[in-house]
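K.L.:
Here it is, the structure in full.
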Amino acid sequence: MNKWYIPDAFFPGVSSGKTYVSHEAVCFLNETAEDAQVSLTLYFEDRDKMTGFHAVVPAERTVHLRLDRLKRDDGVGIPQDTPYAIVIESETALKVQYTRVDTTQAELAISTTMVQ
């Protein structure tokens with residue numbers, strides 16, 4: 001099992017712009033000949049973890065998974081304005097990148113990092 005860790009995730013509940021909405025994304029690159037089944041588990045400071053988030057990264061493709069649109073199996077999404085961490089698991093070796101777009105202020109902020 002391959003695991004990737006994103007300890008500092010946060011989905012702002014406020015956006016100042018109409019063009020760019022505050023959001024996060026986990027981007028995957030699958031260089032293999034097999035589709036990758038990906039699961040995400042969320043951990044919080046003050047509540048139980050959330051499981052049931054899944055995605056498929058097709059063989060030899062990339063997927064940009066917008067976390068503000070991600071729903072777990074029962075239709076529940078990621079809570080806003082709450083710090084959390086993400087553990088990503090897949091049997092397939094992938095390249096993983098995390099990006100946050102923060103438009104809570106007039107000046108747009110974007111941060112991104114490769115996850116090892």
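If you're wondering about the labels, chains in the structure tokens are A, B, ... by order shown, residues count from 1 in each chain, ligands from 1 in order shown.
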Do you know which residues are at most 10 Å from segment 94-98 of chain A counting only C-alpha atoms, after dropping those on the same chain fewer than 5 positions away, and could you put them as a VMD selection string?
P.N.:
chain A and resid 2 to 6 8 to 9 24 to 32 36 38 57 62 to 65 88 to 89 111 to 116
K.L.:
Those selected residues, please, written with N, CA and C atoms and delivered as a JSON list (two decimals), in the first residue's frame.
P.N.:
```json
[["chain", "number", "residue", "atom", "x", "y", "z"],
["A", 2, "ASN", "N", 0.62, 2.16, -0.88],
["A", 2, "ASN", "CA", 1.31, 3.45, -0.92],
["A", 2, "ASN", "C", 0.48, 4.46, -0.14],
["A", 3, "LYS", "N", 1.17, 5.31, 0.63],
["A", 3, "LYS", "CA", 0.48, 6.35, 1.40],
["A", 3, "LYS", "C", 1.16, 7.69, 1.19],
["A", 4, "TRP", "N", 0.33, 8.74, 1.15],
["A", 4, "TRP", "CA", 0.81, 10.11, 1.08],
["A", 4, "TRP", "C", 0.09, 10.89, 2.16],
["A", 5, "TYR", "N", 0.78, 11.87, 2.74],
["A", 5, "TYR", "CA", 0.24, 12.61, 3.87],
["A", 5, "TYR", "C", 0.22, 14.11, 3.57],
["A", 6, "ILE", "N", -0.90, 14.74, 3.83],
["A", 6, "ILE", "CA", -1.05, 16.19, 3.70],
["A", 6, "ILE", "C", -1.53, 16.69, 5.06],
["A", 8, "ASP", "N", -1.58, 19.73, 6.46],
["A", 8, "ASP", "CA", -2.13, 21.08, 6.61],
["A", 8, "ASP", "C", -3.13, 21.37, 5.50],
["A", 9, "ALA", "N", -4.35, 20.90, 5.67],
["A", 9, "ALA", "CA", -5.41, 21.17, 4.70],
["A", 9, "ALA", "C", -6.46, 22.08, 5.34],
["A", 24, "GLU", "N", -9.36, 23.60, -2.59],
["A", 24, "GLU", "CA", -8.14, 22.81, -2.58],
["A", 24, "GLU", "C", -8.26, 21.76, -3.68],
["A", 25, "ALA", "N", -7.13, 21.24, -4.10],
["A", 25, "ALA", "CA", -7.13, 20.15, -5.07],
["A", 25, "ALA", "C", -5.97, 19.21, -4.76],
["A", 26, "VAL", "N", -6.22, 17.95, -4.99],
["A", 26, "VAL", "CA", -5.15, 16.95, -4.97],
["A", 26, "VAL", "C", -5.03, 16.47, -6.40],
["A", 27, "CYS", "N", -3.85, 16.63, -6.96],
["A", 27, "CYS", "CA", -3.61, 16.25, -8.35],
["A", 27, "CYS", "C", -2.79, 14.97, -8.38],
["A", 28, "PHE", "N", -3.22, 14.05, -9.22],
["A", 28, "PHE", "CA", -2.57, 12.75, -9.32],
["A", 28, "PHE", "C", -2.04, 12.54, -10.74],
["A", 29, "LEU", "N", -0.88, 11.90, -10.83],
["A", 29, "LEU", "CA", -0.34, 11.44, -12.11],
["A", 29, "LEU", "C", -0.14, 9.94, -12.00],
["A", 30, "ASN", "N", -0.80, 9.20, -12.86],
["A", 30, "ASN", "CA", -0.68, 7.75, -12.89],
["A", 30, "ASN", "C", 0.08, 7.36, -14.16],
["A", 31, "GLU", "N", 1.33, 6.99, -14.02],
["A", 31, "GLU", "CA", 2.15, 6.59, -15.16],
["A", 31, "GLU", "C", 2.04, 5.11, -15.49],
["A", 32, "THR", "N", 1.29, 4.37, -14.68],
["A", 32, "THR", "CA", 1.22, 2.92, -14.86],
["A", 32, "THR", "C", 0.18, 2.53, -15.90],
["A", 36, "ALA", "N", -5.80, 3.39, -11.04],
["A", 36, "ALA", "CA", -5.49, 3.48, -9.61],
["A", 36, "ALA", "C", -6.75, 3.78, -8.82],
["A", 38, "VAL", "N", -8.05, 5.14, -5.43],
["A", 38, "VAL", "CA", -7.50, 6.01, -4.39],
["A", 38, "VAL", "C", -8.55, 6.21, -3.30],
["A", 57, "VAL", "N", -7.98, 7.09, -10.68],
["A", 57, "VAL", "CA", -7.04, 7.77, -11.57],
["A", 57, "VAL", "C", -6.75, 6.79, -12.70],
["A", 62, "THR", "N", -3.92, 11.83, -15.75],
["A", 62, "THR", "CA", -3.87, 12.70, -14.59],
["A", 62, "THR", "C", -5.29, 13.04, -14.16],
["A", 63, "VAL", "N", -5.48, 13.25, -12.86],
["A", 63, "VAL", "CA", -6.77, 13.67, -12.31],
["A", 63, "VAL", "C", -6.51, 14.83, -11.37],
["A", 64, "HIS", "N", -7.28, 15.88, -11.52],
["A", 64, "HIS", "CA", -7.22, 17.04, -10.63],
["A", 64, "HIS", "C", -8.50, 16.98, -9.79],
["A", 65, "LEU", "N", -8.37, 16.49, -8.58],
["A", 65, "LEU", "CA", -9.50, 16.22, -7.71],
["A", 65, "LEU", "C", -9.79, 17.45, -6.85],
["A", 88, "ILE", "N", -3.80, 9.74, 2.02],
["A", 88, "ILE", "CA", -4.20, 9.19, 0.72],
["A", 88, "ILE", "C", -3.56, 7.81, 0.60],
["A", 89, "GLU", "N", -4.36, 6.84, 0.16],
["A", 89, "GLU", "CA", -3.87, 5.48, 0.01],
["A", 89, "GLU", "C", -4.23, 4.93, -1.37],
["A", 111, "SER", "N", -1.02, 28.20, -3.02],
["A", 111, "SER", "CA", 0.16, 27.47, -2.57],
["A", 111, "SER", "C", 0.05, 26.05, -3.09],
["A", 112, "THR", "N", 1.18, 25.46, -3.37],
["A", 112, "THR", "CA", 1.19, 24.10, -3.90],
["A", 112, "THR", "C", 2.45, 23.39, -3.46],
["A", 113, "THR", "N", 2.35, 22.08, -3.35],
["A", 113, "THR", "CA", 3.51, 21.29, -2.95],
["A", 113, "THR", "C", 3.39, 19.88, -3.51],
["A", 114, "MET", "N", 4.53, 19.29, -3.81],
["A", 114, "MET", "CA", 4.57, 17.88, -4.16],
["A", 114, "MET", "C", 4.54, 17.08, -2.87],
["A", 115, "VAL", "N", 3.78, 16.01, -2.84],
["A", 115, "VAL", "CA", 3.64, 15.19, -1.65],
["A", 115, "VAL", "C", 4.50, 13.95, -1.83],
["A", 116, "GLN", "N", 5.37, 13.69, -0.88],
["A", 116, "GLN", "CA", 6.26, 12.52, -0.96],
["A", 116, "GLN", "C", 5.82, 11.43, -0.05]]
```
K.L.:
Determine which residues of chain A receive a DSSP assignment of strand (DSSP E or B), computed from the backbone, and state them as a JSON list (two decimals) with C-alpha atoms, in the first residue's frame.
P.N.:
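Once written, out20.json looks like this:
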```json
[["chain", "number", "residue", "atom", "x", "y", "z"],
["A", 2, "ASN", "CA", 1.31, 3.45, -0.92],
["A", 3, "LYS", "CA", 0.48, 6.35, 1.40],
["A", 4, "TRP", "CA", 0.81, 10.11, 1.08],
["A", 5, "TYR", "CA", 0.24, 12.61, 3.87],
["A", 6, "ILE", "CA", -1.05, 16.19, 3.70],
["A", 7, "PRO", "CA", -1.02, 17.48, 7.28],
["A", 8, "ASP", "CA", -2.13, 21.08, 6.61],
["A", 9, "ALA", "CA", -5.41, 21.17, 4.70],
["A", 23, "HIS", "CA", -10.73, 25.54, -2.87],
["A", 24, "GLU", "CA", -8.14, 22.81, -2.58],
["A", 25, "ALA", "CA", -7.13, 20.15, -5.07],
["A", 26, "VAL", "CA", -5.15, 16.95, -4.97],
["A", 27, "CYS", "CA", -3.61, 16.25, -8.35],
["A", 28, "PHE", "CA", -2.57, 12.75, -9.32],
["A", 29, "LEU", "CA", -0.34, 11.44, -12.11],
["A", 30, "ASN", "CA", -0.68, 7.75, -12.89],
["A", 36, "ALA", "CA", -5.49, 3.48, -9.61],
["A", 37, "GLN", "CA", -8.12, 3.20, -6.90],
["A", 38, "VAL", "CA", -7.50, 6.01, -4.39],
["A", 39, "SER", "CA", -9.01, 6.48, -0.93],
["A", 40, "LEU", "CA", -8.77, 9.58, 1.24],
["A", 41, "THR", "CA", -9.16, 9.68, 5.03],
["A", 42, "LEU", "CA", -9.54, 13.03, 6.80],
["A", 43, "TYR", "CA", -8.29, 13.65, 10.35],
["A", 44, "PHE", "CA", -9.37, 16.55, 12.58],
["A", 50, "MET", "CA", -13.93, 10.90, 8.04],
["A", 51, "THR", "CA", -13.61, 7.96, 5.65],
["A", 52, "GLY", "CA", -15.43, 6.97, 2.48],
["A", 53, "PHE", "CA", -13.81, 9.38, 0.01],
["A", 54, "HIS", "CA", -12.70, 7.65, -3.20],
["A", 55, "ALA", "CA", -11.40, 8.48, -6.66],
["A", 56, "VAL", "CA", -10.13, 6.62, -9.70],
["A", 57, "VAL", "CA", -7.04, 7.77, -11.57],
["A", 61, "ARG", "CA", -3.66, 9.82, -17.00],
["A", 62, "THR", "CA", -3.87, 12.70, -14.59],
["A", 63, "VAL", "CA", -6.77, 13.67, -12.31],
["A", 64, "HIS", "CA", -7.22, 17.04, -10.63],
["A", 65, "LEU", "CA", -9.50, 16.22, -7.71],
["A", 66, "ARG", "CA", -11.22, 19.38, -6.44],
["A", 71, "LYS", "CA", -18.29, 13.72, -1.64],
["A", 77, "GLY", "CA", -18.56, 16.68, 1.68],
["A", 84, "TYR", "CA", -7.76, 18.87, 8.76],
["A", 85, "ALA", "CA", -5.15, 16.43, 7.49],
["A", 86, "ILE", "CA", -5.45, 14.01, 4.59],
["A", 87, "VAL", "CA", -4.07, 10.50, 4.29],
["A", 88, "ILE", "CA", -4.20, 9.19, 0.72],
["A", 89, "GLU", "CA", -3.87, 5.48, 0.01],
["A", 90, "SER", "CA", -3.53, 3.51, -3.23],
["A", 95, "LYS", "CA", 2.73, 11.23, -8.13],
["A", 96, "VAL", "CA", 0.68, 13.46, -5.82],
["A", 97, "GLN", "CA", 0.47, 17.26, -5.62],
["A", 98, "TYR", "CA", -1.62, 19.36, -3.21],
["A", 99, "THR", "CA", -2.77, 22.90, -4.05],
["A", 100, "ARG", "CA", -4.78, 25.46, -2.06],
["A", 101, "VAL", "CA", -6.40, 28.52, -3.65],
["A", 102, "ASP", "CA", -7.37, 31.07, -0.99],
["A", 109, "ALA", "CA", -3.17, 33.40, -2.69],
["A", 110, "ILE", "CA", -2.15, 30.03, -4.09],
["A", 111, "SER", "CA", 0.16, 27.47, -2.57],
["A", 112, "THR", "CA", 1.19, 24.10, -3.90],
["A", 113, "THR", "CA", 3.51, 21.29, -2.95],
["A", 114, "MET", "CA", 4.57, 17.88, -4.16],
["A", 115, "VAL", "CA", 3.64, 15.19, -1.65]]
```
K.L.:
I'd like the neighbourhood of Thr104 of chain A as a CSV table (one decimal) with N, CA, C and O atoms, in the first residue's frame, where a residue qualifies if any of its atoms comes within 8 Å (using only C-alpha atoms), though same-chain residues fewer than 6 positions away should be ignored.
P.N.:
```
chain,number,residue,atom,x,y,z
A,12,PRO,N,-11.5,27.0,3.0
A,12,PRO,CA,-12.1,28.3,3.4
A,12,PRO,C,-13.6,28.3,3.0
A,12,PRO,O,-14.0,27.9,1.9
A,14,VAL,N,-15.2,31.2,2.7
A,14,VAL,CA,-15.4,32.5,2.1
A,14,VAL,C,-14.6,32.6,0.9
A,14,VAL,O,-13.5,32.2,0.8
A,15,SER,N,-15.2,33.3,-0.1
A,15,SER,CA,-14.5,33.6,-1.4
A,15,SER,C,-14.8,35.0,-1.7
A,15,SER,O,-15.9,35.5,-1.6
A,16,SER,N,-13.8,35.8,-2.1
A,16,SER,CA,-14.0,37.2,-2.5
A,16,SER,C,-14.2,37.4,-4.0
A,16,SER,O,-14.7,38.4,-4.4
A,22,SER,N,-12.4,29.9,-3.5
A,22,SER,CA,-11.5,29.2,-2.5
A,22,SER,C,-11.7,27.7,-2.6
A,22,SER,O,-12.8,27.2,-2.6
```
